[in-house]
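**Student:** What follows is the file input_4.pdb, containing PDB, C-alpha atoms:
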```
ATOM      1  CA  MET Q 186      77.909  14.081  12.876  1.00  0.00           C
ATOM      2  CA  LYS Q 187      79.830  13.353   9.687  1.00  0.00           C
ATOM      3  CA  GLN Q 188      79.737   9.808   8.354  1.00  0.00           C
ATOM      4  CA  LYS Q 189      83.097   8.052   8.482  1.00  0.00           C
ATOM      5  CA  ILE Q 190      84.500   6.402   5.367  1.00  0.00           C
ATOM      6  CA  LEU Q 191      87.705   4.382   5.487  1.00  0.00           C
ATOM      7  CA  ILE Q 192      90.008   4.462   2.448  1.00  0.00           C
ATOM      8  CA  ILE Q 193      92.488   1.563   2.204  1.00  0.00           C
ATOM      9  CA  GLU Q 194      94.842   2.354  -0.671  1.00  0.00           C
ATOM     10  CA  ASP Q 195      98.605   1.879  -0.947  1.00  0.00           C
ATOM     11  CA  ASP Q 196      99.034   4.355  -3.811  1.00  0.00           C
ATOM     12  CA  ARG Q 197      99.541   7.728  -2.135  1.00  0.00           C
ATOM     13  CA  ALA Q 198      98.318   9.881  -5.036  1.00  0.00           C
ATOM     14  CA  THR Q 199      95.090   7.887  -5.405  1.00  0.00           C
ATOM     15  CA  ARG Q 200      94.557   7.899  -1.645  1.00  0.00           C
ATOM     16  CA  ILE Q 201      94.948  11.697  -1.415  1.00  0.00           C
ATOM     17  CA  ASN Q 202      92.522  12.258  -4.281  1.00  0.00           C
ATOM     18  CA  LEU Q 203      89.936  10.041  -2.622  1.00  0.00           C
ATOM     19  CA  LEU Q 204      90.393  11.812   0.721  1.00  0.00           C
ATOM     20  CA  LYS Q 205      89.931  15.238  -0.866  1.00  0.00           C
ATOM     21  CA  PHE Q 206      86.813  14.071  -2.685  1.00  0.00           C
ATOM     22  CA  LEU Q 207      85.256  12.655   0.505  1.00  0.00           C
ATOM     23  CA  GLU Q 208      86.001  15.844   2.439  1.00  0.00           C
ATOM     24  CA  SER Q 209      84.362  17.920  -0.287  1.00  0.00           C
ATOM     25  CA  GLU Q 210      81.295  15.670  -0.097  1.00  0.00           C
ATOM     26  CA  GLY Q 211      80.933  16.256   3.650  1.00  0.00           C
ATOM     27  CA  PHE Q 212      82.272  12.926   4.881  1.00  0.00           C
ATOM     28  CA  TYR Q 213      84.886  12.235   7.573  1.00  0.00           C
ATOM     29  CA  PRO Q 214      87.609  10.304   5.704  1.00  0.00           C
ATOM     30  CA  ILE Q 215      90.038   7.930   7.396  1.00  0.00           C
ATOM     31  CA  GLU Q 216      93.097   6.732   5.485  1.00  0.00           C
ATOM     32  CA  ALA Q 217      95.097   3.512   5.635  1.00  0.00           C
ATOM     33  CA  GLU Q 218      98.128   2.945   3.431  1.00  0.00           C
ATOM     34  CA  ASP Q 219      98.022  -0.863   3.582  1.00  0.00           C
ATOM     35  CA  GLY Q 220      95.714  -3.748   4.354  1.00  0.00           C
ATOM     36  CA  ARG Q 221      96.900  -4.443   7.883  1.00  0.00           C
ATOM     37  CA  GLN Q 222      96.495  -0.822   8.948  1.00  0.00           C
ATOM     38  CA  GLY Q 223      93.101  -0.780   7.258  1.00  0.00           C
ATOM     39  CA  ILE Q 224      91.883  -3.736   9.330  1.00  0.00           C
ATOM     40  CA  GLU Q 225      93.048  -2.075  12.549  1.00  0.00           C
ATOM     41  CA  LEU Q 226      91.391   1.256  11.711  1.00  0.00           C
ATOM     42  CA  ALA Q 227      88.169  -0.471  10.689  1.00  0.00           C
ATOM     43  CA  GLN Q 228      87.981  -2.227  14.057  1.00  0.00           C
ATOM     44  CA  VAL Q 229      88.724   0.981  15.967  1.00  0.00           C
ATOM     45  CA  HIS Q 230      86.517   3.464  14.079  1.00  0.00           C
ATOM     46  CA  LEU Q 231      83.778   1.166  12.709  1.00  0.00           C
ATOM     47  CA  PRO Q 232      83.205   3.400   9.671  1.00  0.00           C
ATOM     48  CA  GLU Q 233      79.924   3.605   7.768  1.00  0.00           C
ATOM     49  CA  LEU Q 234      81.696   2.477   4.580  1.00  0.00           C
ATOM     50  CA  ILE Q 235      85.033   1.041   3.428  1.00  0.00           C
ATOM     51  CA  ILE Q 236      86.636   1.667   0.041  1.00  0.00           C
ATOM     52  CA  CYS Q 237      89.541  -0.691  -0.509  1.00  0.00           C
ATOM     53  CA  ASP Q 238      92.073  -1.306  -3.252  1.00  0.00           C
ATOM     54  CA  ILE Q 239      92.592  -4.941  -4.265  1.00  0.00           C
ATOM     55  CA  LEU Q 240      96.251  -5.038  -5.332  1.00  0.00           C
ATOM     56  CA  MET Q 241      98.306  -4.213  -2.226  1.00  0.00           C
ATOM     57  CA  PRO Q 242     101.494  -5.729  -0.756  1.00  0.00           C
ATOM     58  CA  GLU Q 243     101.373  -8.187   2.172  1.00  0.00           C
ATOM     59  CA  LEU Q 244      97.557  -8.159   2.606  1.00  0.00           C
ATOM     60  CA  ASP Q 245      95.526  -7.533  -0.537  1.00  0.00           C
ATOM     61  CA  GLY Q 246      91.903  -6.355  -0.654  1.00  0.00           C
ATOM     62  CA  TYR Q 247      90.549  -9.902  -0.539  1.00  0.00           C
ATOM     63  CA  ASP Q 248      92.548 -10.620   2.620  1.00  0.00           C
ATOM     64  CA  VAL Q 249      91.240  -7.424   4.215  1.00  0.00           C
ATOM     65  CA  LEU Q 250      87.624  -8.269   3.433  1.00  0.00           C
ATOM     66  CA  ASN Q 251      88.062 -11.837   4.627  1.00  0.00           C
ATOM     67  CA  GLU Q 252      89.451 -10.666   7.989  1.00  0.00           C
ATOM     68  CA  LEU Q 253      86.718  -8.075   8.474  1.00  0.00           C
ATOM     69  CA  GLN Q 254      84.050 -10.698   7.764  1.00  0.00           C
ATOM     70  CA  LYS Q 255      85.287 -12.708  10.762  1.00  0.00           C
ATOM     71  CA  ASN Q 256      84.438  -9.890  13.184  1.00  0.00           C
ATOM     72  CA  PRO Q 257      80.675  -9.338  13.803  1.00  0.00           C
ATOM     73  CA  GLU Q 258      81.288  -5.611  14.366  1.00  0.00           C
ATOM     74  CA  THR Q 259      82.946  -5.100  10.967  1.00  0.00           C
ATOM     75  CA  ALA Q 260      81.233  -7.819   8.923  1.00  0.00           C
ATOM     76  CA  THR Q 261      78.201  -5.640   8.151  1.00  0.00           C
ATOM     77  CA  ILE Q 262      80.142  -2.545   7.042  1.00  0.00           C
ATOM     78  CA  PRO Q 263      79.477  -1.879   3.328  1.00  0.00           C
ATOM     79  CA  PHE Q 264      82.611  -2.691   1.344  1.00  0.00           C
ATOM     80  CA  ILE Q 265      83.558  -1.310  -2.081  1.00  0.00           C
ATOM     81  CA  PHE Q 266      86.547  -2.647  -4.040  1.00  0.00           C
ATOM     82  CA  LEU Q 267      88.753  -0.469  -6.216  1.00  0.00           C
ATOM     83  CA  THR Q 268      90.472  -2.357  -9.018  1.00  0.00           C
ATOM     84  CA  VAL Q 269      92.236  -1.887 -12.333  1.00  0.00           C
ATOM     85  CA  SER Q 270      91.026  -5.326 -13.425  1.00  0.00           C
ATOM     86  CA  SER Q 271      87.751  -6.014 -15.208  1.00  0.00           C
ATOM     87  CA  ASN Q 272      88.150  -9.781 -14.941  1.00  0.00           C
ATOM     88  CA  ASN Q 273      84.810 -11.457 -14.231  1.00  0.00           C
ATOM     89  CA  GLU Q 274      86.473 -14.099 -12.055  1.00  0.00           C
ATOM     90  CA  ASP Q 275      87.961 -11.399  -9.818  1.00  0.00           C
ATOM     91  CA  LEU Q 276      84.567  -9.728  -9.592  1.00  0.00           C
ATOM     92  CA  ARG Q 277      82.830 -12.980  -8.676  1.00  0.00           C
ATOM     93  CA  HIS Q 278      85.487 -13.846  -6.094  1.00  0.00           C
ATOM     94  CA  GLY Q 279      85.046 -10.481  -4.369  1.00  0.00           C
ATOM     95  CA  MET Q 280      81.271 -10.796  -4.305  1.00  0.00           C
ATOM     96  CA  GLU Q 281      81.529 -14.303  -2.859  1.00  0.00           C
ATOM     97  CA  LEU Q 282      83.658 -12.901  -0.038  1.00  0.00           C
ATOM     98  CA  GLY Q 283      80.980 -10.315   0.738  1.00  0.00           C
ATOM     99  CA  ALA Q 284      81.904  -7.218  -1.264  1.00  0.00           C
ATOM    100  CA  ASP Q 285      79.016  -4.854  -1.960  1.00  0.00           C
ATOM    101  CA  ASP Q 286      80.342  -3.144  -5.084  1.00  0.00           C
ATOM    102  CA  TYR Q 287      83.248  -2.833  -7.542  1.00  0.00           C
ATOM    103  CA  LEU Q 288      84.707   0.358  -9.021  1.00  0.00           C
ATOM    104  CA  ASN Q 289      87.246   0.259 -11.808  1.00  0.00           C
ATOM    105  CA  LYS Q 290      90.214   2.623 -11.744  1.00  0.00           C
ATOM    106  CA  PRO Q 291      90.367   5.357 -12.740  1.00  0.00           C
ATOM    107  CA  VAL Q 292      87.054   6.121 -11.050  1.00  0.00           C
ATOM    108  CA  THR Q 293      85.159   9.316 -11.770  1.00  0.00           C
ATOM    109  CA  SER Q 294      83.658  11.554  -9.124  1.00  0.00           C
ATOM    110  CA  GLU Q 295      80.185  10.722 -10.395  1.00  0.00           C
ATOM    111  CA  GLN Q 296      80.794   6.975 -10.183  1.00  0.00           C
ATOM    112  CA  LEU Q 297      82.238   7.255  -6.701  1.00  0.00           C
ATOM    113  CA  ARG Q 298      79.428   9.540  -5.517  1.00  0.00           C
ATOM    114  CA  GLY Q 299      76.768   7.174  -6.866  1.00  0.00           C
ATOM    115  CA  ALA Q 300      78.378   4.059  -5.367  1.00  0.00           C
ATOM    116  CA  ILE Q 301      78.751   5.659  -1.936  1.00  0.00           C
ATOM    117  CA  ALA Q 302      75.184   6.983  -1.910  1.00  0.00           C
ATOM    118  CA  SER Q 303      73.809   3.600  -2.990  1.00  0.00           C
ATOM    119  CA  ARG Q 304      75.724   1.640  -0.327  1.00  0.00           C
ATOM    120  CA  LEU Q 305      74.902   4.068   2.485  1.00  0.00           C
ATOM    121  CA  LYS Q 306      71.207   4.108   1.535  1.00  0.00           C
ATOM    122  CA  LYS Q 307      71.111   0.319   1.519  1.00  0.00           C
ATOM    123  CA  LYS Q 308      72.760   0.227   4.929  1.00  0.00           C
ATOM    124  CA  GLN Q 309      70.232   2.728   6.315  1.00  0.00           C
ATOM    125  CA  VAL Q 310      67.325   0.628   5.040  1.00  0.00           C
ATOM    126  CA  PHE Q 311      68.867  -2.442   6.646  1.00  0.00           C
ATOM    127  CA  LEU Q 312      69.309  -0.672   9.984  1.00  0.00           C
ATOM    128  CA  GLU Q 313      65.717   0.601   9.932  1.00  0.00           C
ATOM    129  CA  ARG Q 314      64.354  -2.857   9.188  1.00  0.00           C
ATOM    130  CA  TYR Q 315      66.571  -4.411  11.826  1.00  0.00           C
ATOM    131  CA  SER Q 316      65.372  -1.830  14.347  1.00  0.00           C
ATOM    132  CA  THR Q 317      61.739  -2.597  13.496  1.00  0.00           C
ATOM    133  CA  VAL Q 318      62.284  -6.339  13.818  1.00  0.00           C
ATOM    134  CA  SER Q 319      64.196  -5.842  17.055  1.00  0.00           C
ATOM    135  CA  GLU Q 320      61.386  -3.724  18.552  1.00  0.00           C
ATOM    136  CA  SER Q 321      58.775  -6.243  17.430  1.00  0.00           C
ATOM    137  CA  SER Q 322      60.797  -9.047  18.965  1.00  0.00           C
ATOM    138  CA  LYS Q 323      61.145  -7.094  22.221  1.00  0.00           C
ATOM    139  CA  THR Q 324      57.395  -6.406  22.319  1.00  0.00           C
ATOM    140  CA  LEU Q 325      56.632 -10.079  21.693  1.00  0.00           C
ATOM    141  CA  GLU Q 326      59.007 -11.089  24.475  1.00  0.00           C
ATOM    142  CA  GLN Q 327      57.275  -8.692  26.876  1.00  0.00           C
ATOM    143  CA  LYS Q 328      53.872 -10.074  25.897  1.00  0.00           C
ATOM    144  CA  LEU Q 329      55.079 -13.629  26.503  1.00  0.00           C
ATOM    145  CA  GLU Q 330      56.421 -12.630  29.918  1.00  0.00           C
ATOM    146  CA  GLN Q 331      53.086 -11.022  30.795  1.00  0.00           C
ATOM    147  CA  LEU Q 332      51.250 -14.128  29.642  1.00  0.00           C
ATOM    148  CA  GLN Q 333      53.490 -16.320  31.780  1.00  0.00           C
ATOM    149  CA  GLU Q 334      52.848 -14.081  34.790  1.00  0.00           C
ATOM    150  CA  LEU Q 335      49.118 -14.341  34.130  1.00  0.00           C
ATOM    151  CA  LEU Q 336      49.306 -18.124  33.946  1.00  0.00           C
ATOM    152  CA  ASN Q 337      51.298 -18.219  37.186  1.00  0.00           C
ATOM    153  CA  ALA Q 338      48.747 -15.979  38.906  1.00  0.00           C
ATOM    154  CA  LYS Q 339      45.850 -18.098  37.668  1.00  0.00           C
ATOM    155  CA  ASP Q 340      47.616 -21.232  38.853  1.00  0.00           C
ATOM    156  CA  THR Q 341      47.915 -19.647  42.297  1.00  0.00           C
ATOM    157  CA  LEU Q 342      44.245 -18.721  42.265  1.00  0.00           C
ATOM    158  CA  LEU Q 343      43.165 -22.224  41.255  1.00  0.00           C
ATOM    159  CA  ASP Q 344      45.437 -23.752  43.876  1.00  0.00           C
ATOM    160  CA  TYR Q 345      43.872 -21.643  46.618  1.00  0.00           C
ATOM    161  CA  LEU Q 346      40.427 -22.397  45.305  1.00  0.00           C
ATOM    162  CA  SER Q 347      41.125 -26.117  45.360  1.00  0.00           C
ATOM    163  CA  GLN Q 348      42.606 -26.003  48.865  1.00  0.00           C
ATOM    164  CA  ARG Q 349      40.172 -23.617  50.554  1.00  0.00           C
ATOM    165  CA  ILE Q 350      36.925 -24.854  49.079  1.00  0.00           C
ATOM    166  CA  ARG Q 351      37.239 -28.379  50.457  1.00  0.00           C
ATOM    167  CA  LYS Q 352      37.007 -27.586  54.164  1.00  0.00           C
ATOM    168  CA  PRO Q 353      33.892 -25.335  54.125  1.00  0.00           C
ATOM    169  CA  LEU Q 354      32.103 -27.761  51.795  1.00  0.00           C
ATOM    170  CA  SER Q 355      32.976 -30.738  53.980  1.00  0.00           C
ATOM    171  CA  SER Q 356      31.898 -28.815  57.056  1.00  0.00           C
ATOM    172  CA  MET Q 357      28.584 -27.855  55.445  1.00  0.00           C
ATOM    173  CA  ILE Q 358      27.888 -31.463  54.444  1.00  0.00           C
ATOM    174  CA  HIS Q 359      28.721 -32.644  57.957  1.00  0.00           C
ATOM    175  CA  THR Q 360      26.468 -29.989  59.509  1.00  0.00           C
ATOM    176  CA  LEU Q 361      23.606 -30.961  57.196  1.00  0.00           C
ATOM    177  CA  ASP Q 362      23.937 -34.576  58.279  1.00  0.00           C
ATOM    178  CA  GLN Q 363      23.841 -33.519  61.926  1.00  0.00           C
ATOM    179  CA  LEU Q 364      20.813 -31.348  61.226  1.00  0.00           C
ATOM    180  CA  LYS Q 365      18.925 -34.212  59.594  1.00  0.00           C
ATOM    181  CA  ASN Q 366      19.693 -36.558  62.482  1.00  0.00           C
ATOM    182  CA  SER Q 367      18.908 -34.032  65.198  1.00  0.00           C
ATOM    183  CA  SER Q 368      15.534 -34.219  66.983  1.00  0.00           C
ATOM    184  CA  ASP Q 369      16.152 -31.524  69.576  1.00  0.00           C
ATOM    185  CA  GLU Q 370      14.962 -28.082  68.411  1.00  0.00           C
ATOM    186  CA  GLN Q 371      17.684 -26.203  70.271  1.00  0.00           C
ATOM    187  CA  GLU Q 372      20.332 -28.444  68.768  1.00  0.00           C
ATOM    188  CA  ARG Q 373      18.786 -28.004  65.310  1.00  0.00           C
ATOM    189  CA  ASN Q 374      18.909 -24.232  65.714  1.00  0.00           C
ATOM    190  CA  VAL Q 375      22.614 -24.472  66.575  1.00  0.00           C
ATOM    191  CA  HIS Q 376      23.229 -26.537  63.449  1.00  0.00           C
ATOM    192  CA  ILE Q 377      21.233 -24.130  61.296  1.00  0.00           C
ATOM    193  CA  LYS Q 378      23.214 -21.162  62.632  1.00  0.00           C
ATOM    194  CA  THR Q 379      26.475 -22.996  61.982  1.00  0.00           C
ATOM    195  CA  LEU Q 380      25.315 -23.832  58.474  1.00  0.00           C
ATOM    196  CA  GLN Q 381      24.416 -20.198  57.823  1.00  0.00           C
ATOM    197  CA  GLN Q 382      27.834 -19.045  59.005  1.00  0.00           C
ATOM    198  CA  GLU Q 383      29.641 -21.607  56.871  1.00  0.00           C
ATOM    199  CA  SER Q 384      27.501 -20.753  53.848  1.00  0.00           C
ATOM    200  CA  ALA Q 385      28.302 -17.054  54.296  1.00  0.00           C
ATOM    201  CA  HIS Q 386      31.983 -17.929  54.634  1.00  0.00           C
ATOM    202  CA  PHE Q 387      31.870 -20.015  51.464  1.00  0.00           C
ATOM    203  CA  LEU Q 388      29.962 -17.338  49.512  1.00  0.00           C
ATOM    204  CA  ALA Q 389      32.435 -14.644  50.588  1.00  0.00           C
ATOM    205  CA  MET Q 390      35.295 -16.802  49.327  1.00  0.00           C
ATOM    206  CA  VAL Q 391      33.596 -17.344  45.964  1.00  0.00           C
ATOM    207  CA  ASN Q 392      32.920 -13.601  45.638  1.00  0.00           C
ATOM    208  CA  LYS Q 393      36.547 -12.845  46.432  1.00  0.00           C
ATOM    209  CA  ILE Q 394      37.681 -15.231  43.702  1.00  0.00           C
ATOM    210  CA  SER Q 395      35.313 -13.563  41.217  1.00  0.00           C
ATOM    211  CA  GLU Q 396      36.781 -10.160  42.126  1.00  0.00           C
ATOM    212  CA  LEU Q 397      40.323 -11.425  41.639  1.00  0.00           C
ATOM    213  CA  GLN Q 398      39.478 -12.888  38.239  1.00  0.00           C
ATOM    214  CA  ARG Q 399      38.340  -9.472  37.040  1.00  0.00           C
ATOM    215  CA  ILE Q 400      41.641  -7.795  37.985  1.00  0.00           C
ATOM    216  CA  LEU Q 401      43.776 -10.725  36.869  1.00  0.00           C
ATOM    217  CA  THR Q 402      45.024  -9.329  33.537  1.00  0.00           C
ATOM    218  CA  PRO Q 403      48.378  -9.771  31.763  1.00  0.00           C
ATOM    219  CA  GLU Q 404      49.282  -6.179  32.632  1.00  0.00           C
ATOM    220  CA  ASN Q 405      48.912  -6.482  36.429  1.00  0.00           C
ATOM    221  CA  ALA Q 406      49.537 -10.196  37.003  1.00  0.00           C
ATOM    222  CA  GLN Q 407      53.247  -9.530  37.581  1.00  0.00           C
ATOM    223  CA  VAL Q 408      52.490  -6.932  40.255  1.00  0.00           C
ATOM    224  CA  LEU Q 409      50.008  -9.252  41.976  1.00  0.00           C
ATOM    225  CA  ASN Q 410      52.564 -12.050  42.068  1.00  0.00           C
ATOM    226  CA  GLN Q 411      55.442  -9.783  43.066  1.00  0.00           C
ATOM    227  CA  PHE Q 412      53.665  -8.455  46.164  1.00  0.00           C
ATOM    228  CA  ASN Q 413      51.944 -11.768  47.013  1.00  0.00           C
ATOM    229  CA  PHE Q 414      48.583 -10.051  46.575  1.00  0.00           C
ATOM    230  CA  LEU Q 415      46.797 -13.338  46.023  1.00  0.00           C
ATOM    231  CA  ASP Q 416      48.203 -14.722  49.272  1.00  0.00           C
ATOM    232  CA  SER Q 417      47.060 -11.696  51.267  1.00  0.00           C
ATOM    233  CA  GLU Q 418      43.565 -11.822  49.780  1.00  0.00           C
ATOM    234  CA  PHE Q 419      43.070 -15.280  51.268  1.00  0.00           C
ATOM    235  CA  GLU Q 420      44.900 -14.614  54.530  1.00  0.00           C
ATOM    236  CA  ASP Q 421      41.675 -14.196  56.526  1.00  0.00           C
ATOM    237  CA  TYR Q 422      40.360 -17.477  55.255  1.00  0.00           C
ATOM    238  CA  GLN Q 423      43.568 -19.276  56.139  1.00  0.00           C
ATOM    239  CA  ILE Q 424      43.392 -17.952  59.681  1.00  0.00           C
ATOM    240  CA  GLU Q 425      39.765 -18.976  60.037  1.00  0.00           C
ATOM    241  CA  ASP Q 426      40.517 -22.439  58.710  1.00  0.00           C
ATOM    242  CA  LYS Q 427      43.126 -22.916  61.405  1.00  0.00           C
ATOM    243  CA  VAL Q 428      40.794 -21.822  64.217  1.00  0.00           C
TER     244      VAL Q 428
END
```
Translate the structure described by the file into structure tokens.

**Tutor:**
Amino acid sequence: MKQKILIIEDDRATRINLLKFLESEGFYPIEAEDGRQGIELAQVHLPELIICDILMPELDGYDVLNELQKNPETATIPFIFLTVSSNNEDLRHGMELGADDYLNKPVTSEQLRGAIASRLKKKQVFLERYSTVSESSKTLEQKLEQLQELLNAKDTLLDYLSQRIRKPLSSMIHTLDQLKNSSDEQERNVHIKTLQQESAHFLAMVNKISELQRILTPENAQVLNQFNFLDSEFEDYQIEDKV
């Protein structure tokens, strides 16, 4: 696709010469005969580059640049001034407004070709760097989201551990006390069996937690949370606790 370049020039002869040159260089030229039309076309077409005369009726080149700088979509478009003046104050004023380059009339084909190539290359470098930064920022955001999911999953795991470990431990301590105070062999055997069952229950819970810790990574924490996997893993223990 041809790169679009907007020419804002009130002098018809100069404008036609610029349009012919751009066409011969393989660009898609867009013409505006005054500043107001130039602003409208810039907002509609969002060209890759704008070449604008300074001395124009109603809105001059400075006014055009100032208006385009107010719009985020047009503020980053490279902007080249065309002028018959070589006044340093005019040059400084244009640069302060955000102009990228100045070309004095009459401009040669070589000067125009070099200025266009330089501005377009600079814009391409900017876009590539912006794209790299944007991708890096997106990757960092994804990593932070994964980390937050991991922290949420670990919080859930610790919460279950804190809740579910109390009852079997309390029951085991109580059973041990009963075993120590029991003198009847049959009763002691009952307490020992109960203690074995509770110990097995407790060990199974600890093993399950160890298994979950191994699969609890930033990459799959979101899936585990989304499908309440941690809840289902402890479902059997919750049912047993209620019995």

**Student:** Name all residues at most 6 Å from region 255-266 of chain Q (count only C-alpha atoms; drop same-chain ones fewer than 5 positions away) and give them as a list in words.

**Tutor:**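 The residues satisfying every condition are Leu234, Ile235, Ile236, Cys237, Asp238, Ala284, Asp285, Asp286 and Tyr287 of chain Q.
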
**Student:** Might you pull out every residue within 7 Å of region 372-380 of chain Q, with only C-alpha atoms counted and same-chain residues fewer than 5 positions away left off, and present them as a list in words?

**Tutor:**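 Residues near the query, excluding close chain neighbours: Met357, Thr360, Leu364 and Ser367 of chain Q.
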
**Student:** Give me the residues within 8 Å of region 210-222 of chain Q as a PDB file with C-alpha atoms, keeping the file's coordinate frame, counting only C-alpha atoms and dropping any in the same chain fewer than 5 places off.

**Tutor:**
```pdb
ATOM      1  CA  LYS Q 187      79.830  13.353   9.687  1.00  0.00           C
ATOM      2  CA  GLN Q 188      79.737   9.808   8.354  1.00  0.00           C
ATOM      3  CA  LYS Q 189      83.097   8.052   8.482  1.00  0.00           C
ATOM      4  CA  ILE Q 190      84.500   6.402   5.367  1.00  0.00           C
ATOM      5  CA  LEU Q 191      87.705   4.382   5.487  1.00  0.00           C
ATOM      6  CA  ILE Q 192      90.008   4.462   2.448  1.00  0.00           C
ATOM      7  CA  ILE Q 193      92.488   1.563   2.204  1.00  0.00           C
ATOM      8  CA  GLU Q 194      94.842   2.354  -0.671  1.00  0.00           C
ATOM      9  CA  ASP Q 195      98.605   1.879  -0.947  1.00  0.00           C
ATOM     10  CA  ASP Q 196      99.034   4.355  -3.811  1.00  0.00           C
ATOM     11  CA  ARG Q 197      99.541   7.728  -2.135  1.00  0.00           C
ATOM     12  CA  ARG Q 200      94.557   7.899  -1.645  1.00  0.00           C
ATOM     13  CA  LEU Q 204      90.393  11.812   0.721  1.00  0.00           C
ATOM     14  CA  MET Q 241      98.306  -4.213  -2.226  1.00  0.00           C
ATOM     15  CA  PRO Q 242     101.494  -5.729  -0.756  1.00  0.00           C
ATOM     16  CA  GLU Q 243     101.373  -8.187   2.172  1.00  0.00           C
ATOM     17  CA  LEU Q 244      97.557  -8.159   2.606  1.00  0.00           C
ATOM     18  CA  ASP Q 245      95.526  -7.533  -0.537  1.00  0.00           C
ATOM     19  CA  GLY Q 246      91.903  -6.355  -0.654  1.00  0.00           C
ATOM     20  CA  ASP Q 248      92.548 -10.620   2.620  1.00  0.00           C
ATOM     21  CA  VAL Q 249      91.240  -7.424   4.215  1.00  0.00           C
TER      22      VAL Q 249
END
```

**Student:** In Å, how far is it from CA of Thr268 (chain Q) to CA of Ile239 (chain Q)?

**Tutor:**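 Taking CA of Thr268 (chain Q) as the start and CA of Ile239 (chain Q) as the end point, the length is 5.8 Å.
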